[in-house]
Amino acid sequence: MDNKENILELQNVQKKYKGFVLDGITLSLPQGYILGLIGPNGAGKTTTIKILMNMVKRDGGDVQVFGLDPQKSAKQIKNKVGYLGEEQHFYGNKTVAWTGKFVSTFYDNWDTNTFQSLLTNFEISRTKKTRELSKGMKVRFSLALALSHDPDLLILDEPTAGLDPVIRREVLELLQKKSKNEGKSVIISSHITDDIMRTADLVAFLIEGKIVLVSEKDELLSNWKRIHYKKGALGSDIVNSLTRRKDHAFGSSGVTEHYLEIKESLVQGITEGVVKIENVNLDDILISLVKGA
Amino acid sequence: MAYFIGYLGVIFILTAILRILLGNENAVPLVLISGVLIFMMVFGPVFFNEQYEEKHKAYDFLDTLPVKASEIVSAKFGLVLVTVVATVGYLLLLYSVSNVAPNDWNLVRSYLLMGGFVSLFFAALSYIGIFSLGYTKFAVIVMSFFVLLGFVPILIMKFYIDNMDVLIDNILAFLRNVNWLAVIPLVLIGYFGLMFIAIKIKE
């Protein structure tokens, strides 16, 4: 990762609800990167995102977005952030065009041409009332609103939930384009790990209110592997370090999170055909972390 | 702006109808109705707007935009204040050019101003209640309050039936003698104080 300036920093952020604690979240996001926040439902992803947007007040810790504290400078921060919540709320009896005009009055940097072209690209009728929009249309409309003031940071909470695969792919490609071509930073939360797999540069796993793992995605996928092995093919130290161990017809298998470290010691087994390495996906890693939590 | 023009239009039509029905000579009953009208015209839109905001989860929507809670709350309080000033001002103007007996003018003025102040006070308390409890819960409380308020005249009649004339004379004397130049700043300070509390709750 280059030494780019952090656009977002959270230090030991805490929030307590009845039956839920967000416990010392520490995260950072460099400019131009996409951070995927992965976790099961109720892990604290939405709370973390709402703290960034000052929609929820934190109980402790420090948050800086563009070097500003959301609790003190929410207006300045929101002016530079495009936000897409997991639910979209509009004035249902107002049209798409009216809503766009209404939202435009709040931003310093609103570009009507961008908004109009996004509506055209997303095939959203300007004369439709917002309550008449389908779930997918609402997400695309929200995205058009979130992008029309040229935000430096996009914060997206479960943006693809309820979308059909075609629209989902469109949304994810748009995010990648914004990040790679325009240097925009993106934080995207999802329990659909496939979305994060496709888009994110960095991945943070949030489980039961705690960040249990943060890593560059490629590094993570290089280190986490499933190892299939026949009895006696691996040393006991390696076998004991594996998680999610299973016995099956071929022999046994388990997941390692230190593949690059133990790679050398596996070469002989691989050559002899008694050890096989399988790539894991973010789902597997999430499940391993949840089971281990 | 459209809301405001529409609002003044309604006030104008209603008072014009009342004047035609009651005539110039019956200024006092007309003023009594006007006072209630001020209250209804301020209180009604506050509740109508907040019901609309809750139905569309508008505060969640506004929360995503670069606007401070203090700006939203002060805009709402500002609109109520402008509405009250415009309504009371319009009605005062209307009665000042009517054939109100000089002896009754103080009473007319006091009653209209009182109507404006009560409206301001209730609107401010309503916002505080709605921001604290949510519209639905607060609406139930307000409805219960107005039902209970219906018993007040009965209680007054029960305890003051022999002294009704004295009670009414005292109230009228109070209204005739109020120093509004002193009261108006106090009312405004109180109103902005309540606005400050509403902002703190909304934040």
# chains A, B, ... in the order shown; residues from 1 in each chain; ligands from 1
call {"tool": "interface_residues", "arguments": {"of": "chain A", "to": "chain B", "cutoff": "12 Å", "atoms": "only C-alpha atoms", "output": "PyMOL selection string"}}
result
chain A and resi 49-57+70-94+99+102-110+130-131+142+145-146+149+155-156
call {"tool": "residues_around", "arguments": {"residues": "Glu71 (chain B)", "least_positions_apart": "5", "cutoff": "10 Å", "atoms": "only C-alpha atoms", "output": "PyMOL selection string"}}
result
chain B and resi 76-77+199
call {"tool": "residues_around", "arguments": {"residues": "Ser288 (chain A)", "least_positions_apart": "5", "cutoff": "12 Å", "atoms": "only C-alpha atoms", "output": "PDB file with N, CA and C atoms, in the first residue's frame"}}
result
ATOM      1  N   GLY A  39     -19.101  -8.339   7.705  1.00  0.00           N
ATOM      2  CA  GLY A  39     -19.494  -8.888   9.000  1.00  0.00           C
ATOM      3  C   GLY A  39     -20.889  -9.444   8.922  1.00  0.00           C
ATOM      4  N   PHE A 205     -12.846  -7.111   8.805  1.00  0.00           N
ATOM      5  CA  PHE A 205     -13.884  -8.017   9.295  1.00  0.00           C
ATOM      6  C   PHE A 205     -14.363  -7.519  10.662  1.00  0.00           C
ATOM      7  N   ILE A 207     -16.829  -8.369  13.701  1.00  0.00           N
ATOM      8  CA  ILE A 207     -17.617  -9.456  14.294  1.00  0.00           C
ATOM      9  C   ILE A 207     -17.937  -9.115  15.745  1.00  0.00           C
ATOM     10  N   VAL A 212     -11.863  -7.770  13.877  1.00  0.00           N
ATOM     11  CA  VAL A 212     -11.010  -8.920  14.192  1.00  0.00           C
ATOM     12  C   VAL A 212      -9.873  -9.077  13.187  1.00  0.00           C
ATOM     13  N   LEU A 213     -10.020  -8.446  12.023  1.00  0.00           N
ATOM     14  CA  LEU A 213      -8.958  -8.563  11.015  1.00  0.00           C
ATOM     15  C   LEU A 213      -9.075  -7.429  10.007  1.00  0.00           C
ATOM     16  N   TRP A 224      -4.543 -16.810   3.278  1.00  0.00           N
ATOM     17  CA  TRP A 224      -5.582 -17.737   3.745  1.00  0.00           C
ATOM     18  C   TRP A 224      -5.805 -18.809   2.683  1.00  0.00           C
ATOM     19  N   LYS A 225      -5.531 -20.048   3.024  1.00  0.00           N
ATOM     20  CA  LYS A 225      -5.721 -21.165   2.091  1.00  0.00           C
ATOM     21  C   LYS A 225      -6.306 -22.342   2.857  1.00  0.00           C
ATOM     22  N   ARG A 226      -7.019 -23.177   2.112  1.00  0.00           N
ATOM     23  CA  ARG A 226      -7.451 -24.454   2.693  1.00  0.00           C
ATOM     24  C   ARG A 226      -6.424 -25.510   2.269  1.00  0.00           C
ATOM     25  N   LEU A 242      -3.980 -25.238  12.045  1.00  0.00           N
ATOM     26  CA  LEU A 242      -5.103 -25.121  11.108  1.00  0.00           C
ATOM     27  C   LEU A 242      -6.426 -24.946  11.856  1.00  0.00           C
ATOM     28  N   THR A 243      -7.302 -24.192  11.245  1.00  0.00           N
ATOM     29  CA  THR A 243      -8.652 -24.055  11.810  1.00  0.00           C
ATOM     30  C   THR A 243      -9.640 -24.770  10.905  1.00  0.00           C
ATOM     31  N   ARG A 244     -10.853 -24.936  11.391  1.00  0.00           N
ATOM     32  CA  ARG A 244     -11.930 -25.614  10.651  1.00  0.00           C
ATOM     33  C   ARG A 244     -11.437 -26.949  10.073  1.00  0.00           C
ATOM     34  N   ARG A 245     -10.780 -27.741  10.920  1.00  0.00           N
ATOM     35  CA  ARG A 245     -10.258 -29.041  10.460  1.00  0.00           C
ATOM     36  C   ARG A 245     -11.400 -30.032  10.251  1.00  0.00           C
ATOM     37  N   GLY A 254      -7.917 -28.348   6.479  1.00  0.00           N
ATOM     38  CA  GLY A 254      -8.032 -27.272   7.455  1.00  0.00           C
ATOM     39  C   GLY A 254      -7.607 -25.973   6.816  1.00  0.00           C
ATOM     40  N   VAL A 255      -7.939 -24.874   7.472  1.00  0.00           N
ATOM     41  CA  VAL A 255      -7.652 -23.548   6.905  1.00  0.00           C
ATOM     42  C   VAL A 255      -6.472 -22.921   7.638  1.00  0.00           C
ATOM     43  N   THR A 256      -5.539 -22.412   6.849  1.00  0.00           N
ATOM     44  CA  THR A 256      -4.427 -21.662   7.452  1.00  0.00           C
ATOM     45  C   THR A 256      -4.534 -20.192   7.079  1.00  0.00           C
ATOM     46  N   GLU A 257      -4.110 -19.347   7.994  1.00  0.00           N
ATOM     47  CA  GLU A 257      -4.060 -17.919   7.690  1.00  0.00           C
ATOM     48  C   GLU A 257      -2.617 -17.446   7.529  1.00  0.00           C
ATOM     49  N   VAL A 280      -9.309 -19.957  -0.758  1.00  0.00           N
ATOM     50  CA  VAL A 280     -10.574 -19.726  -0.031  1.00  0.00           C
ATOM     51  C   VAL A 280     -11.118 -18.371  -0.455  1.00  0.00           C
ATOM     52  N   ASN A 281     -12.386 -18.164  -0.234  1.00  0.00           N
ATOM     53  CA  ASN A 281     -12.948 -16.835  -0.521  1.00  0.00           C
ATOM     54  C   ASN A 281     -13.243 -16.113   0.803  1.00  0.00           C
ATOM     55  N   LEU A 282     -13.727 -14.898   0.674  1.00  0.00           N
ATOM     56  CA  LEU A 282     -13.949 -14.095   1.885  1.00  0.00           C
ATOM     57  C   LEU A 282     -15.019 -14.709   2.784  1.00  0.00           C
ATOM     58  N   ASP A 283     -15.966 -15.421   2.157  1.00  0.00           N
ATOM     59  CA  ASP A 283     -16.992 -16.128   2.938  1.00  0.00           C
ATOM     60  C   ASP A 283     -16.347 -17.123   3.889  1.00  0.00           C
ATOM     61  N   ALA A 293     -14.429 -16.651  16.865  1.00  0.00           N
ATOM     62  CA  ALA A 293     -14.658 -15.469  17.728  1.00  0.00           C
ATOM     63  C   ALA A 293     -15.233 -15.884  19.079  1.00  0.00           C
TER      64      ALA A 293
END
call {"tool": "residues_around", "arguments": {"residues": "Gly209 (chain A)", "least_positions_apart": "3", "cutoff": "10 Å", "atoms": "only C-alpha atoms", "output": "list in words"}}
result
Gln14, Lys15, Lys16, Phe20, Val21, Leu22, Asp23, Gly24, Ile25, Gly39, Gly42, Ala43, Gly44, Lys45, Thr47, Thr48, Phe205, Leu206 and Val212 of chain A
call {"tool": "write_last_selection", "arguments": {"atoms": "C-alpha atoms", "output": "short mmCIF file (atom, residue, chain, number, x, y, z; two decimals), in the first residue's frame"}}
result
data_model
loop_
_atom_site.label_atom_id
_atom_site.label_comp_id
_atom_site.auth_asym_id
_atom_site.auth_seq_id
_atom_site.Cartn_x
_atom_site.Cartn_y
_atom_site.Cartn_z
CA GLN A 14 -17.03 2.73 21.17
CA LYS A 15 -20.79 2.69 21.20
CA LYS A 16 -23.04 0.86 23.61
CA PHE A 20 -24.77 -4.63 21.73
CA VAL A 21 -21.37 -3.04 22.14
CA LEU A 22 -19.17 -1.56 19.44
CA ASP A 23 -15.88 -2.25 21.12
CA GLY A 24 -12.83 -0.20 20.29
CA ILE A 25 -13.03 0.06 16.50
CA GLY A 39 -19.49 -8.89 9.00
CA GLY A 42 -25.77 -7.20 13.73
CA ALA A 43 -21.96 -7.06 13.82
CA GLY A 44 -21.95 -3.23 14.00
CA LYS A 45 -21.29 -2.27 10.37
CA THR A 47 -23.43 1.67 13.55
CA THR A 48 -19.82 2.25 12.51
CA PHE A 205 -13.88 -8.02 9.29
CA LEU A 206 -16.25 -6.79 11.99
CA VAL A 212 -11.01 -8.92 14.19
#
call {"tool": "residues_around", "arguments": {"residues": "Leu119 (chain A)", "least_positions_apart": "3", "cutoff": "10 Å", "atoms": "only C-alpha atoms", "output": "JSON, numbers by chain"}}
result
{"A": [96, 97, 100, 113, 114, 115, 116, 122, 123, 124, 125, 126, 140, 141, 143, 144, 145]}
call {"tool": "residues_around", "arguments": {"residues": "Gly36 (chain A)", "least_positions_apart": "3", "cutoff": "8 Å", "atoms": "only C-alpha atoms", "output": "list in words"}}
result
Ile187, Ile188, Ser189, Ser190, Ile196, Thr199, Ala200, Asp201, Leu202, Val203 and Ala204 of chain A
call {"tool": "select_by_dssp", "arguments": {"residues": "region 140-287 of chain A", "states": "strand (DSSP E)", "output": "MDAnalysis selection string"}}
result
chainID A and resid 153:157 185:190 202:207 210:216 225:229 243:248 251:256 275:279
call {"tool": "write_last_selection", "arguments": {"atoms": "C-alpha atoms", "output": "compact mmCIF listing (two decimals), in the first residue's frame"}}
result
# COMPACT_ATOMS: atom_id res chain seq x y z
CA LEU A 153 -15.50 9.80 -0.14
CA LEU A 154 -18.37 7.41 -0.81
CA ILE A 155 -19.90 5.66 2.19
CA LEU A 156 -22.18 2.83 1.17
CA ASP A 157 -24.06 0.68 3.64
CA SER A 185 -12.20 6.70 -1.61
CA VAL A 186 -14.99 4.27 -0.88
CA ILE A 187 -16.11 2.47 2.23
CA ILE A 188 -18.61 -0.26 1.49
CA SER A 189 -20.26 -2.46 4.08
CA SER A 190 -21.85 -5.73 3.13
CA LEU A 202 -8.76 -3.39 1.79
CA VAL A 203 -10.93 -5.65 3.88
CA ALA A 204 -11.98 -5.28 7.50
CA PHE A 205 -13.88 -8.02 9.29
CA LEU A 206 -16.25 -6.79 11.99
CA ILE A 207 -17.62 -9.46 14.29
CA LYS A 210 -14.99 -5.80 17.15
CA ILE A 211 -12.61 -5.49 14.22
CA VAL A 212 -11.01 -8.92 14.19
CA LEU A 213 -8.96 -8.56 11.02
CA VAL A 214 -7.89 -5.77 8.65
CA SER A 215 -5.78 -6.48 5.61
CA GLU A 216 -5.19 -5.74 1.97
CA LYS A 225 -5.72 -21.16 2.09
CA ARG A 226 -7.45 -24.45 2.69
CA ILE A 227 -4.95 -27.30 2.94
CA HIS A 228 -6.03 -30.84 2.07
CA TYR A 229 -3.61 -33.46 3.36
CA THR A 243 -8.65 -24.06 11.81
CA ARG A 244 -11.93 -25.61 10.65
CA ARG A 245 -10.26 -29.04 10.46
CA LYS A 246 -12.31 -31.77 8.85
CA ASP A 247 -11.75 -35.43 8.03
CA HIS A 248 -13.11 -36.73 4.75
CA GLY A 251 -7.83 -37.39 4.11
CA SER A 252 -8.15 -34.24 6.17
CA SER A 253 -8.34 -30.51 5.55
CA GLY A 254 -8.03 -27.27 7.45
CA VAL A 255 -7.65 -23.55 6.90
CA THR A 256 -4.43 -21.66 7.45
CA VAL A 275 -0.96 -32.17 0.07
CA LYS A 276 -3.25 -29.95 -2.00
CA ILE A 277 -3.81 -26.23 -1.65
CA GLU A 278 -7.20 -24.68 -2.31
CA ASN A 279 -7.99 -20.96 -2.50
